[in-house]
file protein01.txt (compact mmCIF, C-alpha atoms and all ligand atoms)
# COMPACT_ATOMS: atom_id res chain seq x y z
CA MET A 1 -19.22 -25.02 25.42
CA ASN A 2 -16.47 -26.19 23.04
CA GLN A 3 -15.91 -23.80 20.16
CA THR A 4 -13.45 -24.24 17.27
CA PRO A 5 -11.02 -21.33 17.57
CA ILE A 6 -11.34 -18.85 14.71
CA PHE A 7 -8.25 -17.51 13.02
CA SER A 8 -7.93 -15.68 9.73
CA ARG A 9 -5.95 -16.40 6.59
CA LEU A 10 -5.37 -14.88 3.16
CA ALA A 11 -7.66 -16.72 0.76
CA GLY A 12 -6.96 -14.76 -2.43
CA THR A 13 -5.16 -11.78 -3.94
CA GLY A 14 -5.70 -9.43 -6.89
CA SER A 15 -4.48 -6.15 -8.34
CA SER A 16 -5.14 -3.54 -10.98
CA LEU A 17 -3.09 -0.79 -12.62
CA PRO A 18 -4.24 2.08 -14.84
CA LYS A 19 -3.70 1.67 -18.60
CA ASN A 20 -1.32 4.57 -18.94
CA CYS A 21 2.33 3.76 -18.13
CA VAL A 22 4.58 6.83 -17.84
CA SER A 23 8.34 6.27 -17.98
CA ASN A 24 10.84 8.64 -16.37
CA ALA A 25 11.77 9.83 -19.87
CA ASP A 26 8.08 10.57 -20.70
CA LEU A 27 7.73 12.45 -17.43
CA GLN A 28 10.88 14.45 -18.05
CA VAL A 29 9.42 15.68 -21.37
CA ARG A 30 6.03 16.52 -19.83
CA LEU A 31 7.58 18.37 -16.89
CA ALA A 32 9.94 20.29 -19.20
CA GLU A 33 6.82 21.72 -20.88
CA LEU A 34 5.90 23.17 -17.45
CA GLY A 35 9.44 24.51 -16.99
CA VAL A 36 10.28 21.80 -14.42
CA GLU A 37 13.68 20.15 -14.72
CA THR A 38 14.24 16.49 -13.82
CA SER A 39 15.98 13.48 -15.32
CA ASP A 40 15.69 9.72 -15.56
CA ASP A 41 19.10 9.52 -13.91
CA TRP A 42 18.07 11.58 -10.84
CA ILE A 43 14.82 9.66 -10.32
CA ARG A 44 16.43 6.24 -10.82
CA THR A 45 19.46 6.88 -8.59
CA ARG A 46 17.62 8.59 -5.74
CA THR A 47 14.52 6.35 -5.66
CA GLY A 48 14.87 3.28 -7.91
CA ILE A 49 11.74 4.36 -9.82
CA GLU A 50 11.80 3.79 -13.61
CA GLN A 51 8.10 4.22 -14.45
CA ARG A 52 4.67 4.60 -12.86
CA PHE A 53 1.03 4.19 -13.96
CA ILE A 54 -1.16 7.30 -14.07
CA ALA A 55 -4.96 7.06 -14.12
CA ASN A 56 -6.88 8.53 -17.04
CA SER A 57 -9.96 10.63 -16.25
CA ASP A 58 -12.23 7.57 -16.59
CA GLU A 59 -10.19 5.59 -14.02
CA THR A 60 -10.95 6.17 -10.35
CA THR A 61 -9.95 4.77 -6.97
CA SER A 62 -13.15 2.70 -6.96
CA SER A 63 -12.79 1.42 -10.55
CA LEU A 64 -9.23 0.22 -9.81
CA ALA A 65 -10.39 -1.22 -6.47
CA ILE A 66 -13.29 -3.11 -8.08
CA ALA A 67 -10.99 -4.67 -10.70
CA ALA A 68 -8.50 -5.75 -8.00
CA ALA A 69 -11.31 -7.06 -5.76
CA ASN A 70 -12.84 -9.13 -8.58
CA GLN A 71 -9.46 -10.80 -9.14
CA ALA A 72 -9.01 -11.48 -5.43
CA LEU A 73 -12.51 -13.00 -5.20
CA ALA A 74 -11.86 -15.20 -8.26
CA SER A 75 -8.57 -16.44 -6.78
CA ALA A 76 -10.35 -17.23 -3.48
CA GLY A 77 -13.15 -19.02 -5.38
CA LEU A 78 -15.81 -16.77 -3.83
CA ASP A 79 -18.85 -14.96 -5.23
CA PRO A 80 -19.23 -11.29 -4.28
CA GLU A 81 -22.36 -12.09 -2.20
CA GLN A 82 -20.28 -14.25 0.15
CA VAL A 83 -18.31 -11.22 1.36
CA ASP A 84 -19.55 -9.73 4.64
CA LEU A 85 -16.95 -6.99 5.17
CA ILE A 86 -15.27 -4.58 2.72
CA ILE A 87 -12.49 -2.26 3.90
CA VAL A 88 -10.81 0.13 1.48
CA ALA A 89 -7.57 1.78 2.57
CA THR A 90 -7.26 5.04 0.65
CA SER A 91 -6.35 8.70 0.98
CA THR A 92 -7.80 9.47 -2.46
CA SER A 93 -11.43 8.47 -2.00
CA ASP A 94 -13.70 9.00 -5.04
CA GLN A 95 -15.71 11.50 -3.00
CA ILE A 96 -15.86 12.88 0.55
CA PHE A 97 -18.69 10.49 1.32
CA PRO A 98 -20.09 7.84 1.02
CA SER A 99 -16.96 5.73 1.44
CA THR A 100 -15.14 4.19 -1.50
CA ALA A 101 -15.89 0.82 0.14
CA CYS A 102 -19.62 1.44 -0.45
CA VAL A 103 -18.95 2.34 -4.10
CA VAL A 104 -16.89 -0.85 -4.44
CA GLN A 105 -19.65 -2.91 -2.83
CA ALA A 106 -22.20 -1.65 -5.35
CA GLY A 107 -19.77 -2.27 -8.22
CA LEU A 108 -19.23 -5.85 -7.09
CA GLY A 109 -22.97 -6.51 -6.75
CA ASN A 110 -22.81 -7.23 -3.01
CA HIS A 111 -25.74 -5.95 -0.92
CA LYS A 112 -25.07 -6.90 2.67
CA ALA A 113 -21.39 -6.44 3.63
CA ALA A 114 -20.31 -3.87 6.21
CA CYS A 115 -18.29 -1.24 4.34
CA PHE A 116 -15.88 1.46 5.46
CA ASP A 117 -12.67 3.21 4.44
CA ILE A 118 -9.48 3.45 6.46
CA GLN A 119 -7.28 6.53 6.21
CA ALA A 120 -3.70 5.78 7.26
CA VAL A 121 -2.02 6.96 4.05
CA CYS A 122 0.81 4.61 2.97
CA SER A 123 0.25 2.39 6.03
CA GLY A 124 -3.44 2.07 5.15
CA PHE A 125 -3.33 -1.47 3.82
CA VAL A 126 -1.57 -2.99 6.85
CA TYR A 127 -3.94 -1.07 9.13
CA ALA A 128 -6.95 -2.40 7.17
CA LEU A 129 -5.61 -5.95 7.14
CA SER A 130 -5.06 -5.87 10.90
CA VAL A 131 -8.62 -4.59 11.46
CA ALA A 132 -10.09 -7.26 9.15
CA ASP A 133 -8.10 -9.97 10.97
CA ALA A 134 -9.46 -8.77 14.33
CA MET A 135 -13.05 -8.66 13.04
CA VAL A 136 -12.81 -12.14 11.51
CA ARG A 137 -11.30 -13.57 14.70
CA ALA A 138 -14.08 -11.89 16.71
CA GLY A 139 -16.65 -13.67 14.55
CA GLN A 140 -17.95 -10.44 12.97
CA ALA A 141 -17.15 -11.54 9.40
CA ARG A 142 -16.28 -14.80 7.62
CA HIS A 143 -15.00 -13.36 4.36
CA ALA A 144 -13.53 -9.85 4.20
CA LEU A 145 -12.24 -7.94 1.21
CA VAL A 146 -9.30 -5.70 2.13
CA ILE A 147 -8.29 -3.29 -0.60
CA GLY A 148 -5.60 -0.64 -0.93
CA ALA A 149 -6.48 1.73 -3.78
CA GLU A 150 -5.18 5.15 -4.74
CA VAL A 151 -5.02 7.80 -7.45
CA PHE A 152 -2.23 9.87 -5.87
CA SER A 153 -1.52 11.45 -9.28
CA ARG A 154 -4.55 13.68 -8.53
CA LEU A 155 -2.83 15.12 -5.45
CA MET A 156 0.34 16.06 -7.34
CA ASP A 157 1.54 19.58 -7.88
CA TRP A 158 3.21 18.93 -11.26
CA ARG A 159 5.43 21.96 -10.70
CA ASP A 160 6.91 20.41 -7.53
CA ARG A 161 9.63 18.06 -8.76
CA THR A 162 10.43 16.89 -5.23
CA THR A 163 7.12 14.97 -5.13
CA CYS A 164 5.52 14.62 -8.58
CA VAL A 165 8.08 12.11 -9.91
CA LEU A 166 7.57 9.74 -6.98
CA PHE A 167 3.94 8.65 -6.99
CA GLY A 168 1.73 6.42 -9.12
CA ASP A 169 -1.81 4.99 -9.13
CA GLY A 170 -3.16 1.47 -8.66
CA ALA A 171 -5.02 -0.98 -6.42
CA GLY A 172 -4.38 -4.29 -4.72
CA ALA A 173 -6.81 -6.51 -2.84
CA VAL A 174 -6.89 -9.58 -0.64
CA VAL A 175 -9.64 -11.81 0.69
CA VAL A 176 -9.30 -12.54 4.42
CA SER A 177 -11.31 -15.61 5.46
CA ALA A 178 -12.04 -17.35 8.75
CA SER A 179 -9.81 -20.36 9.29
CA GLU A 180 -9.35 -23.14 11.83
CA THR A 181 -5.58 -22.67 11.65
CA PRO A 182 -3.76 -19.34 11.89
CA GLY A 183 -2.74 -17.58 8.67
CA ILE A 184 -2.39 -14.02 9.97
CA LEU A 185 -0.05 -14.56 12.93
CA ALA A 186 0.46 -11.10 14.42
CA SER A 187 0.23 -7.42 13.67
CA SER A 188 1.56 -4.23 15.16
CA LEU A 189 0.36 -0.73 14.30
CA HIS A 190 1.71 2.64 15.42
CA ALA A 191 1.39 6.36 14.76
CA ASN A 192 3.02 9.59 15.89
CA GLY A 193 0.79 12.52 15.01
CA SER A 194 3.42 15.05 16.06
CA HIS A 195 5.13 14.38 12.70
CA ALA A 196 1.95 15.11 10.70
CA SER A 197 3.45 18.00 8.75
CA ILE A 198 6.33 16.06 7.11
CA LEU A 199 3.91 14.37 4.68
CA ALA A 200 0.50 15.91 4.20
CA THR A 201 -2.22 17.19 1.93
CA SER A 202 -3.52 19.73 4.37
CA GLY A 203 -6.28 21.41 2.37
CA ARG A 204 -10.00 20.89 2.99
CA LEU A 205 -13.36 21.84 1.54
CA GLU A 206 -15.28 24.56 3.34
CA SER A 207 -18.46 26.25 2.18
CA GLY A 208 -17.86 25.05 -1.38
CA ALA A 209 -14.24 26.22 -1.61
CA ILE A 210 -10.82 24.66 -1.11
CA VAL A 211 -9.24 26.04 2.05
CA GLY A 212 -5.48 25.53 2.39
CA ASP A 213 -3.14 23.54 0.16
CA PRO A 214 -4.79 20.86 -2.02
CA PHE A 215 -1.48 19.28 -3.08
CA LEU A 216 0.67 16.59 -1.47
CA ARG A 217 3.68 18.14 0.28
CA MET A 218 6.57 16.17 1.71
CA ASP A 219 9.79 16.81 3.54
CA GLY A 220 11.45 13.86 1.80
CA GLN A 221 14.52 13.63 3.99
CA ALA A 222 12.51 13.75 7.23
CA VAL A 223 10.16 11.03 5.94
CA PHE A 224 13.11 8.95 4.81
CA LYS A 225 14.75 9.14 8.26
CA GLN A 226 11.51 8.34 10.11
CA ALA A 227 10.77 5.38 7.83
CA VAL A 228 14.20 3.85 8.26
CA SER A 229 14.19 4.35 12.05
CA VAL A 230 10.74 2.81 12.73
CA LEU A 231 10.52 -0.07 10.25
CA GLY A 232 13.33 -2.25 11.59
CA VAL A 233 12.08 -1.91 15.19
CA ASN A 234 8.50 -2.57 14.12
CA ALA A 235 9.51 -5.71 12.22
CA LEU A 236 11.26 -7.11 15.29
CA GLU A 237 8.23 -6.23 17.43
CA VAL A 238 5.77 -8.19 15.27
CA LEU A 239 8.18 -11.10 14.82
CA GLY A 240 8.62 -11.20 18.62
CA LYS A 241 4.83 -11.34 19.14
CA ALA A 242 4.68 -14.46 16.97
CA GLY A 243 7.90 -15.99 18.34
CA VAL A 244 9.52 -15.93 14.92
CA LEU A 245 13.03 -14.83 13.94
CA ALA A 246 13.84 -12.54 11.01
CA SER A 247 15.89 -15.40 9.58
CA ASP A 248 12.69 -17.51 9.46
CA LEU A 249 11.07 -15.05 7.01
CA ASP A 250 10.60 -16.20 3.43
CA TRP A 251 9.51 -12.77 2.15
CA LEU A 252 9.42 -9.13 3.14
CA VAL A 253 6.73 -7.20 1.24
CA PRO A 254 7.33 -3.58 2.25
CA HIS A 255 5.67 -0.33 1.30
CA GLN A 256 7.28 0.73 -1.95
CA ALA A 257 8.45 4.33 -1.59
CA ASN A 258 12.15 4.25 -2.29
CA VAL A 259 14.41 1.31 -3.05
CA ARG A 260 17.01 2.77 -0.67
CA ILE A 261 14.54 2.47 2.26
CA LEU A 262 13.85 -1.18 1.35
CA GLN A 263 17.57 -1.93 1.22
CA SER A 264 18.19 -0.29 4.57
CA VAL A 265 15.39 -2.23 6.34
CA ALA A 266 16.55 -5.52 4.77
CA LYS A 267 20.06 -4.78 6.06
CA LYS A 268 18.77 -4.07 9.58
CA LEU A 269 16.98 -7.43 9.58
CA ASP A 270 19.94 -9.18 8.00
CA LEU A 271 17.63 -10.33 5.18
CA PRO A 272 19.13 -10.95 1.74
CA LEU A 273 17.66 -8.60 -0.89
CA GLU A 274 16.41 -11.65 -2.83
CA LYS A 275 13.79 -12.05 -0.08
CA VAL A 276 12.40 -8.53 -0.57
CA VAL A 277 9.58 -8.06 -3.09
CA VAL A 278 10.37 -4.89 -5.06
CA THR A 279 7.88 -3.17 -7.37
CA VAL A 280 8.76 0.49 -6.76
CA ASN A 281 10.84 0.46 -9.95
CA ARG A 282 7.73 -0.26 -12.05
CA HIS A 283 4.86 1.17 -9.96
CA GLY A 284 6.42 4.15 -8.18
CA ASN A 285 4.90 4.89 -4.77
CA THR A 286 1.20 3.94 -4.87
CA SER A 287 0.62 4.68 -1.16
CA ALA A 288 -1.93 2.26 0.37
CA ALA A 289 -1.97 0.19 -2.83
CA SER A 290 1.74 -0.60 -2.87
CA VAL A 291 1.83 -3.54 -0.43
CA PRO A 292 -1.13 -5.49 -1.90
CA LEU A 293 0.09 -4.77 -5.45
CA ALA A 294 3.52 -6.22 -4.58
CA LEU A 295 1.98 -9.14 -2.69
CA ASP A 296 -0.29 -10.06 -5.61
CA GLU A 297 2.57 -9.86 -8.08
CA ALA A 298 4.76 -12.21 -6.02
CA VAL A 299 1.86 -14.64 -5.44
CA LYS A 300 0.97 -14.68 -9.15
CA ASP A 301 4.52 -15.19 -10.39
CA GLY A 302 4.98 -18.09 -7.94
CA ARG A 303 7.60 -16.51 -5.66
CA ILE A 304 5.30 -16.52 -2.62
CA GLN A 305 4.09 -20.05 -1.99
CA GLU A 306 2.02 -22.04 0.49
CA ASN A 307 3.42 -22.42 4.02
CA GLN A 308 5.80 -19.50 3.58
CA LEU A 309 6.19 -16.73 6.17
CA VAL A 310 5.57 -13.24 4.81
CA LEU A 311 6.05 -9.89 6.55
CA LEU A 312 4.04 -6.95 5.19
CA GLN A 313 5.08 -3.41 6.21
CA GLY A 314 3.58 0.03 5.67
CA VAL A 315 4.85 3.48 6.56
CA GLY A 316 3.77 7.01 5.71
CA GLY A 317 1.71 10.09 6.45
CA GLY A 318 0.40 10.58 9.94
CA PHE A 319 3.16 9.62 10.72
CA THR A 320 1.91 6.01 10.65
CA TRP A 321 3.59 2.65 10.40
CA GLY A 322 2.76 -1.00 10.94
CA SER A 323 3.47 -4.63 10.14
CA VAL A 324 1.44 -7.78 9.59
CA LEU A 325 3.08 -11.21 9.77
CA LEU A 326 1.33 -14.04 8.00
CA LYS A 327 1.72 -17.62 6.93
CA MET A 328 0.36 -18.47 3.50
CA ILE A 329 -2.05 -21.37 4.15
O1 LIG B 1 5.13 6.93 0.97
C1 LIG B 1 5.49 7.57 2.15
C2 LIG B 1 6.87 7.39 2.37
N1 LIG B 1 7.64 8.27 1.50
C3 LIG B 1 8.92 8.12 1.49
O2 LIG B 1 9.42 7.23 2.15
C4 LIG B 1 9.82 9.09 0.74
C5 LIG B 1 11.07 9.26 1.52
N2 LIG B 1 12.02 10.21 0.95
C6 LIG B 1 12.73 9.91 -0.15
O3 LIG B 1 12.53 8.87 -0.77
C7 LIG B 1 13.81 10.87 -0.58
O4 LIG B 1 14.06 11.79 0.45
C8 LIG B 1 13.46 11.63 -1.88
C9 LIG B 1 13.49 10.67 -3.07
C10 LIG B 1 12.11 12.26 -1.77
C11 LIG B 1 14.49 12.74 -2.12
O5 LIG B 1 15.80 12.16 -2.20
P1 LIG B 1 17.02 12.88 -1.45
O6 LIG B 1 18.21 12.07 -1.76
O7 LIG B 1 16.62 13.04 -0.02
O8 LIG B 1 17.14 14.25 -2.23
P2 LIG B 1 16.99 15.72 -1.64
O9 LIG B 1 15.60 16.02 -1.25
O10 LIG B 1 18.07 15.93 -0.63
O11 LIG B 1 17.35 16.59 -2.92
C12 LIG B 1 18.68 16.58 -3.47
C13 LIG B 1 18.72 17.50 -4.66
C14 LIG B 1 18.18 18.90 -4.39
O12 LIG B 1 18.97 19.82 -5.10
P3 LIG B 1 20.10 20.68 -4.35
O13 LIG B 1 19.37 21.43 -3.27
O14 LIG B 1 21.06 19.65 -3.77
O15 LIG B 1 20.66 21.51 -5.44
C15 LIG B 1 16.81 18.87 -5.01
O16 LIG B 1 16.36 20.14 -5.44
O17 LIG B 1 17.92 16.96 -5.71
C16 LIG B 1 17.04 17.98 -6.21
N3 LIG B 1 15.81 17.33 -6.69
C17 LIG B 1 15.66 16.92 -7.96
N4 LIG B 1 16.43 16.96 -9.04
C18 LIG B 1 15.97 16.44 -10.19
C19 LIG B 1 14.70 17.05 -5.98
N5 LIG B 1 13.80 16.45 -6.77
C20 LIG B 1 14.37 16.34 -8.00
C21 LIG B 1 13.94 15.81 -9.23
N6 LIG B 1 14.77 15.88 -10.30
N7 LIG B 1 12.73 15.24 -9.38

call {"tool": "encode", "arguments": {"input": "protein01.txt", "output": "structure tokens", "more": "lines below"}}
Ligand code: UT7
result
Amino acid sequence: MNQTPIFSRLAGTGSSLPKNCVSNADLQVRLAELGVETSDDWIRTRTGIEQRFIANSDETTSSLAIAAANQALASAGLDPEQVDLIIVATSTSDQIFPSTACVVQAGLGNHKAACFDIQAVCSGFVYALSVADAMVRAGQARHALVIGAEVFSRLMDWRDRTTCVLFGDGAGAVVVSASETPGILASSLHANGSHASILATSGRLESGAIVGDPFLRMDGQAVFKQAVSVLGVNALEVLGKAGVLASDLDWLVPHQANVRILQSVAKKLDLPLEKVVVTVNRHGNTSAASVPLALDEAVKDGRIQENQLVLLQGVGGGFTWGSVLLKMI
């Protein structure tokens, strides 16, 4: 029996940020009220971050995800009912269960899609995209919504200046659709659970009480070193799978944690910085939302165009990391 091969491609993108933008100067004033000392200069020089968006109490992971998903559907020219798979990558789910993906499904007015969340912290979006690609190619879905959405501000210990200045909230979404020609070309995911403690929110709920530490804790230097050592290798691995050279890349859309990490990976790949999409200065680190937020921005402003080769990379808690290589078709 002759069957048309099924591939997957990105059919649309969208994003959403909370209303409240907090500059480094605003944060400095707020933290000073808590007796915590920081400065715009420290944050800017060490991380490249100038501002971040912080969710108000009426903004949730699902509300940001729904707004991003609606944009992605509109740009793909699809109605919500046409979606048969929804994956939300998040570490800040609205609730323990049901999944945020189910909340998003209801908010979109879809009643049939398979829905689940993926928990791979800042690598969550590339993990989710790789899973959606595999499910579409296996014929299990024709149109998938893949969303990275987070309210990391709710995990912050505002008295811990080594973390609370770094993170922000937001959501980004893509539609992955079945295609006769390949859009998503290759992916490569990895984890090393022996480094779990360098970036973690280790607390849990037990018998109605929080057991352990409910705040995000990070050994920044250890995470920095891990990120820089795995991302270059991982990029070459995924490029090799697709038979593509780093010099063929039009864009690198990396996880946005620290501009110094982005610069170091670009240098390893011999990629000019003009080919790296940078949003960390305006969004801070939005964990699983950072890659789709950056992707949507560069698609909307016309930098990323049809037929271009784009490498997406995530890295973070777990320790997890991964890459997805795609052609915009
Ligand atoms: O999304 C997952 C991936 N996450 C990441 O990739 C984050 C990776 N790590 C980093 O980006 C960096 O390690 C940080 C931005 C977190 C920290 O930068 P660093 O250059 O490694 O600084 P450090 O931790 O070595 O701290 C240097 C100094 C310390 O003071 P002393 O001990 O030298 O007196 C800190 O106490 O900076 C101090 N410091 C601050 N000062 C002002 C730490 N945080 C702050 C702050 N404001 N917010």

call {"tool": "residues_near_ligand", "arguments": {"input": "protein01.txt", "ligand": "ligand LIG 1 (chain B)", "cutoff": "6 Å", "atoms": "only C-alpha atoms and all ligand atoms", "output": "ChimeraX atom specification"}}
result
/A:38-39,42,46-47,122,161-162,165,220-221,223-224,257-258,287,316

call {"tool": "residues_around", "arguments": {"input": "protein01.txt", "residues": "region 275-285 of chain A", "least_positions_apart": "6", "cutoff": "9 Å", "atoms": "all atoms listed in the file", "output": "number ranges by chain"}}
result
A: 17, 21, 23, 44, 47-53, 122, 152, 165-170, 249-259, 262-263, 266, 293-295, 297-298

call {"tool": "residues_around", "arguments": {"input": "protein01.txt", "residues": "Tyr127 (chain A)", "least_positions_apart": "5", "cutoff": "8 Å", "atoms": "only C-alpha atoms", "output": "MDAnalysis selection string"}}
result
chainID A and resid 118 120 189 322

call {"tool": "write_last_selection", "arguments": {"input": "protein01.txt", "atoms": "C-alpha atoms", "output": "PDB file, keeping the file's coordinate frame"}}
result
ATOM      1  CA  ILE A 118      -9.480   3.450   6.460  1.00  0.00           C
ATOM      2  CA  ALA A 120      -3.700   5.780   7.260  1.00  0.00           C
ATOM      3  CA  LEU A 189       0.360  -0.730  14.300  1.00  0.00           C
ATOM      4  CA  GLY A 322       2.760  -1.000  10.940  1.00  0.00           C
TER       5      GLY A 322
END

call {"tool": "closest_residue", "arguments": {"input": "protein01.txt", "among": "A:Leu108, A:Leu64, A:Ala134, A:Ala196", "to": "Ala222 (chain A)", "atoms": "only C-alpha atoms"}}
result
A:Ala196

call {"tool": "closest_residue", "arguments": {"input": "protein01.txt", "among": "A:Asn307, A:Ser188, A:Gln82, A:Thr92", "to": "Phe215 (chain A)", "atoms": "all atoms listed in the file"}}
result
A:Thr92

call {"tool": "closest_residue", "arguments": {"input": "protein01.txt", "among": "A:Cys102, A:Ile184, A:Val291, A:Val83", "to": "Ser15 (chain A)", "atoms": "only C-alpha atoms"}}
result
A:Val291

call {"tool": "build_atoms", "arguments": {"input": "protein01.txt", "residues": "region 93-105 of chain A", "atoms": "N, CA, C and O atoms", "output": "short mmCIF file (atom, residue, chain, number, x, y, z; two decimals), keeping the file's coordinate frame"}}
result
data_model
loop_
_atom_site.label_atom_id
_atom_site.label_comp_id
_atom_site.auth_asym_id
_atom_site.auth_seq_id
_atom_site.Cartn_x
_atom_site.Cartn_y
_atom_site.Cartn_z
N SER A 93 -10.06 8.97 -1.83
CA SER A 93 -11.43 8.47 -2.00
C SER A 93 -12.09 9.15 -3.20
O SER A 93 -11.80 10.30 -3.50
N ASP A 94 -12.97 8.42 -3.90
CA ASP A 94 -13.70 9.00 -5.04
C ASP A 94 -14.38 10.31 -4.65
O ASP A 94 -14.46 11.25 -5.42
N GLN A 95 -14.92 10.35 -3.44
CA GLN A 95 -15.71 11.50 -3.00
C GLN A 95 -15.55 11.61 -1.48
O GLN A 95 -15.03 10.69 -0.85
N ILE A 96 -16.02 12.72 -0.90
CA ILE A 96 -15.86 12.88 0.55
C ILE A 96 -16.69 11.81 1.27
O ILE A 96 -16.20 11.13 2.16
N PHE A 97 -17.93 11.65 0.90
CA PHE A 97 -18.69 10.49 1.32
C PHE A 97 -19.79 10.24 0.32
O PHE A 97 -20.12 11.15 -0.43
N PRO A 98 -20.38 9.03 0.23
CA PRO A 98 -20.09 7.84 1.02
C PRO A 98 -18.68 7.30 0.74
O PRO A 98 -18.00 7.73 -0.19
N SER A 99 -18.30 6.30 1.54
CA SER A 99 -16.96 5.73 1.44
C SER A 99 -16.74 5.05 0.10
O SER A 99 -17.69 4.60 -0.57
N THR A 100 -15.47 4.95 -0.29
CA THR A 100 -15.14 4.19 -1.50
C THR A 100 -15.55 2.73 -1.33
O THR A 100 -15.94 2.07 -2.29
N ALA A 101 -15.48 2.22 -0.09
CA ALA A 101 -15.89 0.82 0.14
C ALA A 101 -17.34 0.60 -0.28
O ALA A 101 -17.68 -0.46 -0.84
N CYS A 102 -18.22 1.58 -0.03
CA CYS A 102 -19.62 1.44 -0.45
C CYS A 102 -19.74 1.46 -1.97
O CYS A 102 -20.56 0.72 -2.54
N VAL A 103 -18.93 2.29 -2.63
CA VAL A 103 -18.95 2.34 -4.10
C VAL A 103 -18.48 0.99 -4.65
O VAL A 103 -19.05 0.45 -5.60
N VAL A 104 -17.44 0.45 -4.01
CA VAL A 104 -16.89 -0.85 -4.44
C VAL A 104 -17.95 -1.94 -4.25
O VAL A 104 -18.17 -2.79 -5.11
N GLN A 105 -18.63 -1.90 -3.11
CA GLN A 105 -19.65 -2.91 -2.83
C GLN A 105 -20.70 -2.94 -3.94
O GLN A 105 -21.06 -4.00 -4.46
#
